[in-house]
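Enquirer: This is the structure I have questions about; it appears just below.
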Amino acid sequence: MTANSKPILIQFLKKGEKGRVTSLVGHDDEVARLSALGIRAGVEVCGVRKGHPCIFRFGCSQMCLRTAGQLNVLVMRVPS
């Protein structure tokens with residue numbers, strides 16, 4: 001990674017681009033729900049469709065995320 005690398009919102013990952021979750025920001029109940037589904041800091045994700053809603057893969061799962069409100073998933077891009 002370069003010195004200019006900084007976390008981005010998960011919905012900006014392009015198709016096939018990988019990222020590692022750095023943090024979940026939002027109401028405690030929303031963060032707990034994502035964490036229970038397996039989305040937490042350190043998990044590697046792969047973009048399927050960027051935008052709103054975004055679709056991404058992690059492990060053997062694929063998830064659609066509508067980021068309405070104050071819930072944000074921040075990721076650090078992972079070099080291919």
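How things are named: the first chain in the structure tokens is A, the next is B, and so on; residues count from 1 in each chain; ligands count from 1 in the order shown.
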Near range 70-75 of chain A, counting only C-alpha atoms, which residues have an atom at most 8 Å away, once you skip same-chain residues fewer than 6 positions from it, shown as a list in words?
Expert: Pro7, Ile8, Leu9, Ile10, Gly19, Arg20, Val21, Thr22, Ser23, Leu24, Val25, Gly26, His27, Glu30 and Val31 of chain A
Enquirer: Report the distance between CA of Lys6 in chain A and CA of Arg77 in chain A in Å, rounded to one decimal place.
Expert: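 Separation between CA of Lys6 in chain A and CA of Arg77 in chain A: 8.3 Å.
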Enquirer: Mind checking DSSP for chain A and telling me the helix (DSSP H, G or I) residues as a list in words?
Expert: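 Taking chain A and keeping helix (DSSP H, G or I) only, one gets Ile10, Gln11, Phe12, Asp28, Asp29, Glu30, Val31, Ala32, Arg33, Leu34, Ser35 and Ala36 of chain A.
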Enquirer: Please, could you write that set of residues out with C-alpha atoms as a PDB file, in the first residue's frame?
Expert:
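So the final result, stored in again_27.pdb, reads:
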ATOM      1  CA  ILE A  10     -17.530  -0.176   0.397  1.00  0.00           C
ATOM      2  CA  GLN A  11     -19.934   1.058  -2.290  1.00  0.00           C
ATOM      3  CA  PHE A  12     -16.943   2.507  -4.208  1.00  0.00           C
ATOM      4  CA  ASP A  28     -24.933   0.081  17.451  1.00  0.00           C
ATOM      5  CA  ASP A  29     -27.802  -2.170  16.340  1.00  0.00           C
ATOM      6  CA  GLU A  30     -26.910  -1.803  12.628  1.00  0.00           C
ATOM      7  CA  VAL A  31     -23.225  -2.474  13.295  1.00  0.00           C
ATOM      8  CA  ALA A  32     -24.120  -5.498  15.441  1.00  0.00           C
ATOM      9  CA  ARG A  33     -26.357  -6.873  12.663  1.00  0.00           C
ATOM     10  CA  LEU A  34     -23.580  -6.669  10.050  1.00  0.00           C
ATOM     11  CA  SER A  35     -21.109  -8.147  12.497  1.00  0.00           C
ATOM     12  CA  ALA A  36     -23.477 -11.065  13.163  1.00  0.00           C
TER      13      ALA A  36
END
Enquirer: Would you mind telling me which residue in A:Pro79, A:Gly69, A:Leu37, A:Met63 lies nearest to Lys50 in chain A when using only C-alpha atoms?
Expert: A:Met63
Enquirer: Could you tell me which of A:Glu17, A:Cys60, A:Val43, A:His52 comes closest to Ser80 in chain A if we count only C-alpha atoms?
Expert: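 Checking each candidate against Ser80 in chain A, we get A:Glu17 as the closest.
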Enquirer: Give me the residues within 12 Å of Ser61 in chain A as JSON, numbers by chain, counting only C-alpha atoms and dropping any in the same chain fewer than 4 places off.
Expert: {"A": [37, 38, 39, 44, 45, 46, 48, 55, 56, 57]}
Enquirer: Keeping all heavy atoms for every residue in the selection just given, could you write it to a file as an mmCIF file, in the first residue's frame?
Expert:
data_model
loop_
_atom_site.group_PDB
_atom_site.id
_atom_site.type_symbol
_atom_site.label_atom_id
_atom_site.label_comp_id
_atom_site.auth_asym_id
_atom_site.auth_seq_id
_atom_site.Cartn_x
_atom_site.Cartn_y
_atom_site.Cartn_z
ATOM 1 N N LEU A 37 -23.623 -11.045 10.731
ATOM 2 C CA LEU A 37 -23.637 -11.649 9.396
ATOM 3 C C LEU A 37 -22.223 -11.949 8.886
ATOM 4 O O LEU A 37 -22.054 -12.544 7.830
ATOM 5 C CB LEU A 37 -24.355 -10.721 8.414
ATOM 6 C CG LEU A 37 -25.856 -10.581 8.645
ATOM 7 C CD1 LEU A 37 -26.420 -9.454 7.776
ATOM 8 C CD2 LEU A 37 -26.568 -11.885 8.334
ATOM 9 N N GLY A 38 -21.192 -11.509 9.639
ATOM 10 C CA GLY A 38 -19.816 -11.801 9.257
ATOM 11 C C GLY A 38 -19.042 -10.628 8.706
ATOM 12 O O GLY A 38 -17.878 -10.771 8.347
ATOM 13 N N ILE A 39 -19.673 -9.463 8.612
ATOM 14 C CA ILE A 39 -18.978 -8.275 8.116
ATOM 15 C C ILE A 39 -18.416 -7.537 9.318
ATOM 16 O O ILE A 39 -19.140 -6.913 10.087
ATOM 17 C CB ILE A 39 -19.937 -7.340 7.328
ATOM 18 C CG1 ILE A 39 -20.614 -8.099 6.209
ATOM 19 C CG2 ILE A 39 -19.193 -6.125 6.799
ATOM 20 C CD1 ILE A 39 -19.669 -8.702 5.204
ATOM 21 N N GLU A 44 -12.012 -9.771 4.307
ATOM 22 C CA GLU A 44 -11.756 -9.370 2.921
ATOM 23 C C GLU A 44 -13.037 -9.496 2.111
ATOM 24 O O GLU A 44 -13.758 -10.487 2.221
ATOM 25 C CB GLU A 44 -10.660 -10.226 2.297
ATOM 26 C CG GLU A 44 -10.230 -9.704 0.939
ATOM 27 C CD GLU A 44 -8.995 -10.393 0.396
ATOM 28 O OE1 GLU A 44 -7.908 -10.200 0.969
ATOM 29 O OE2 GLU A 44 -9.134 -11.135 -0.585
ATOM 30 N N VAL A 45 -13.312 -8.465 1.324
ATOM 31 C CA VAL A 45 -14.505 -8.427 0.478
ATOM 32 C C VAL A 45 -14.079 -8.186 -0.966
ATOM 33 O O VAL A 45 -12.976 -7.729 -1.237
ATOM 34 C CB VAL A 45 -15.496 -7.327 0.935
ATOM 35 C CG1 VAL A 45 -16.003 -7.620 2.330
ATOM 36 C CG2 VAL A 45 -14.867 -5.952 0.867
ATOM 37 N N CYS A 46 -14.976 -8.503 -1.894
ATOM 38 C CA CYS A 46 -14.715 -8.292 -3.319
ATOM 39 C C CYS A 46 -15.949 -7.641 -3.938
ATOM 40 O O CYS A 46 -17.066 -8.147 -3.776
ATOM 41 C CB CYS A 46 -14.416 -9.621 -4.006
ATOM 42 S SG CYS A 46 -14.037 -9.468 -5.762
ATOM 43 N N VAL A 48 -18.816 -6.599 -6.423
ATOM 44 C CA VAL A 48 -19.574 -7.205 -7.511
ATOM 45 C C VAL A 48 -20.258 -6.100 -8.310
ATOM 46 O O VAL A 48 -20.217 -6.084 -9.521
ATOM 47 C CB VAL A 48 -20.621 -8.217 -6.980
ATOM 48 C CG1 VAL A 48 -21.512 -8.728 -8.101
ATOM 49 C CG2 VAL A 48 -19.927 -9.365 -6.260
ATOM 50 N N ILE A 55 -23.241 -4.440 -4.208
ATOM 51 C CA ILE A 55 -23.206 -5.884 -4.000
ATOM 52 C C ILE A 55 -21.745 -6.279 -3.871
ATOM 53 O O ILE A 55 -20.900 -5.812 -4.638
ATOM 54 C CB ILE A 55 -23.870 -6.646 -5.173
ATOM 55 C CG1 ILE A 55 -25.338 -6.228 -5.311
ATOM 56 C CG2 ILE A 55 -23.760 -8.158 -4.963
ATOM 57 C CD1 ILE A 55 -26.027 -6.814 -6.532
ATOM 58 N N PHE A 56 -21.451 -7.112 -2.886
ATOM 59 C CA PHE A 56 -20.079 -7.574 -2.682
ATOM 60 C C PHE A 56 -20.090 -9.012 -2.196
ATOM 61 O O PHE A 56 -21.099 -9.520 -1.724
ATOM 62 C CB PHE A 56 -19.330 -6.661 -1.699
ATOM 63 C CG PHE A 56 -19.954 -6.589 -0.334
ATOM 64 C CD1 PHE A 56 -19.524 -7.421 0.680
ATOM 65 C CD2 PHE A 56 -20.966 -5.685 -0.064
ATOM 66 C CE1 PHE A 56 -20.094 -7.357 1.946
ATOM 67 C CE2 PHE A 56 -21.536 -5.608 1.191
ATOM 68 C CZ PHE A 56 -21.100 -6.454 2.197
ATOM 69 N N ARG A 57 -18.947 -9.665 -2.361
ATOM 70 C CA ARG A 57 -18.767 -11.041 -1.902
ATOM 71 C C ARG A 57 -17.808 -11.042 -0.727
ATOM 72 O O ARG A 57 -16.891 -10.222 -0.663
ATOM 73 C CB ARG A 57 -18.165 -11.912 -3.003
ATOM 74 C CG ARG A 57 -19.121 -12.346 -4.050
ATOM 75 C CD ARG A 57 -18.518 -13.417 -4.962
ATOM 76 N NE ARG A 57 -17.199 -13.075 -5.460
ATOM 77 C CZ ARG A 57 -16.961 -12.463 -6.611
ATOM 78 N NH1 ARG A 57 -17.961 -12.119 -7.394
ATOM 79 N NH2 ARG A 57 -15.735 -12.206 -6.995
#
Enquirer: Give me, please, the distance in Å between CA of Thr67 in chain A and CA of Lys18 in chain A, quoted to one decimal.
Expert: 18.8 Å
Enquirer: So that I can see what lies close to Cys54 in chain A, please list as a list in words the residues with an atom at most 7 Å from it, counting only C-alpha atoms and leaving out residues fewer than 5 positions away in the same chain.
Expert: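 My reading of the contact set: Gln11, Arg49, Cys64, Leu65 and Arg66 of chain A.
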Enquirer: What does the file look like for those residues with N, CA and C atoms, as an mmCIF file, in the first residue's frame?
Expert:
data_model
loop_
_atom_site.group_PDB
_atom_site.id
_atom_site.type_symbol
_atom_site.label_atom_id
_atom_site.label_comp_id
_atom_site.auth_asym_id
_atom_site.auth_seq_id
_atom_site.Cartn_x
_atom_site.Cartn_y
_atom_site.Cartn_z
ATOM 1 N N GLN A 11 -19.184 0.903 -1.042
ATOM 2 C CA GLN A 11 -19.934 1.058 -2.290
ATOM 3 C C GLN A 11 -19.088 1.616 -3.431
ATOM 4 N N ARG A 49 -20.878 -5.150 -7.584
ATOM 5 C CA ARG A 49 -21.502 -3.992 -8.223
ATOM 6 C C ARG A 49 -21.371 -2.805 -7.280
ATOM 7 N N CYS A 64 -26.057 -7.790 -0.653
ATOM 8 C CA CYS A 64 -26.501 -6.510 -1.193
ATOM 9 C C CYS A 64 -26.639 -5.568 0.004
ATOM 10 N N LEU A 65 -26.039 -4.394 -0.098
ATOM 11 C CA LEU A 65 -26.068 -3.448 1.018
ATOM 12 C C LEU A 65 -26.593 -2.105 0.547
ATOM 13 N N ARG A 66 -27.687 -1.690 1.152
ATOM 14 C CA ARG A 66 -28.221 -0.346 0.922
ATOM 15 C C ARG A 66 -27.726 0.508 2.070
#
Enquirer: Using only C-alpha atoms, can you tell me which of A:Pro53, A:Gly47, A:Gly59, A:Gly42 comes closest to Gly16 in chain A?
Expert: A:Gly47
Enquirer: If DSSP is run on the backbone, what residues of chain A are strand (DSSP E)? A reply as a PyMOL selection string would be ideal.
Expert: chain A and resi 8-9+18-25+44-49+54-58+61-65+72-78
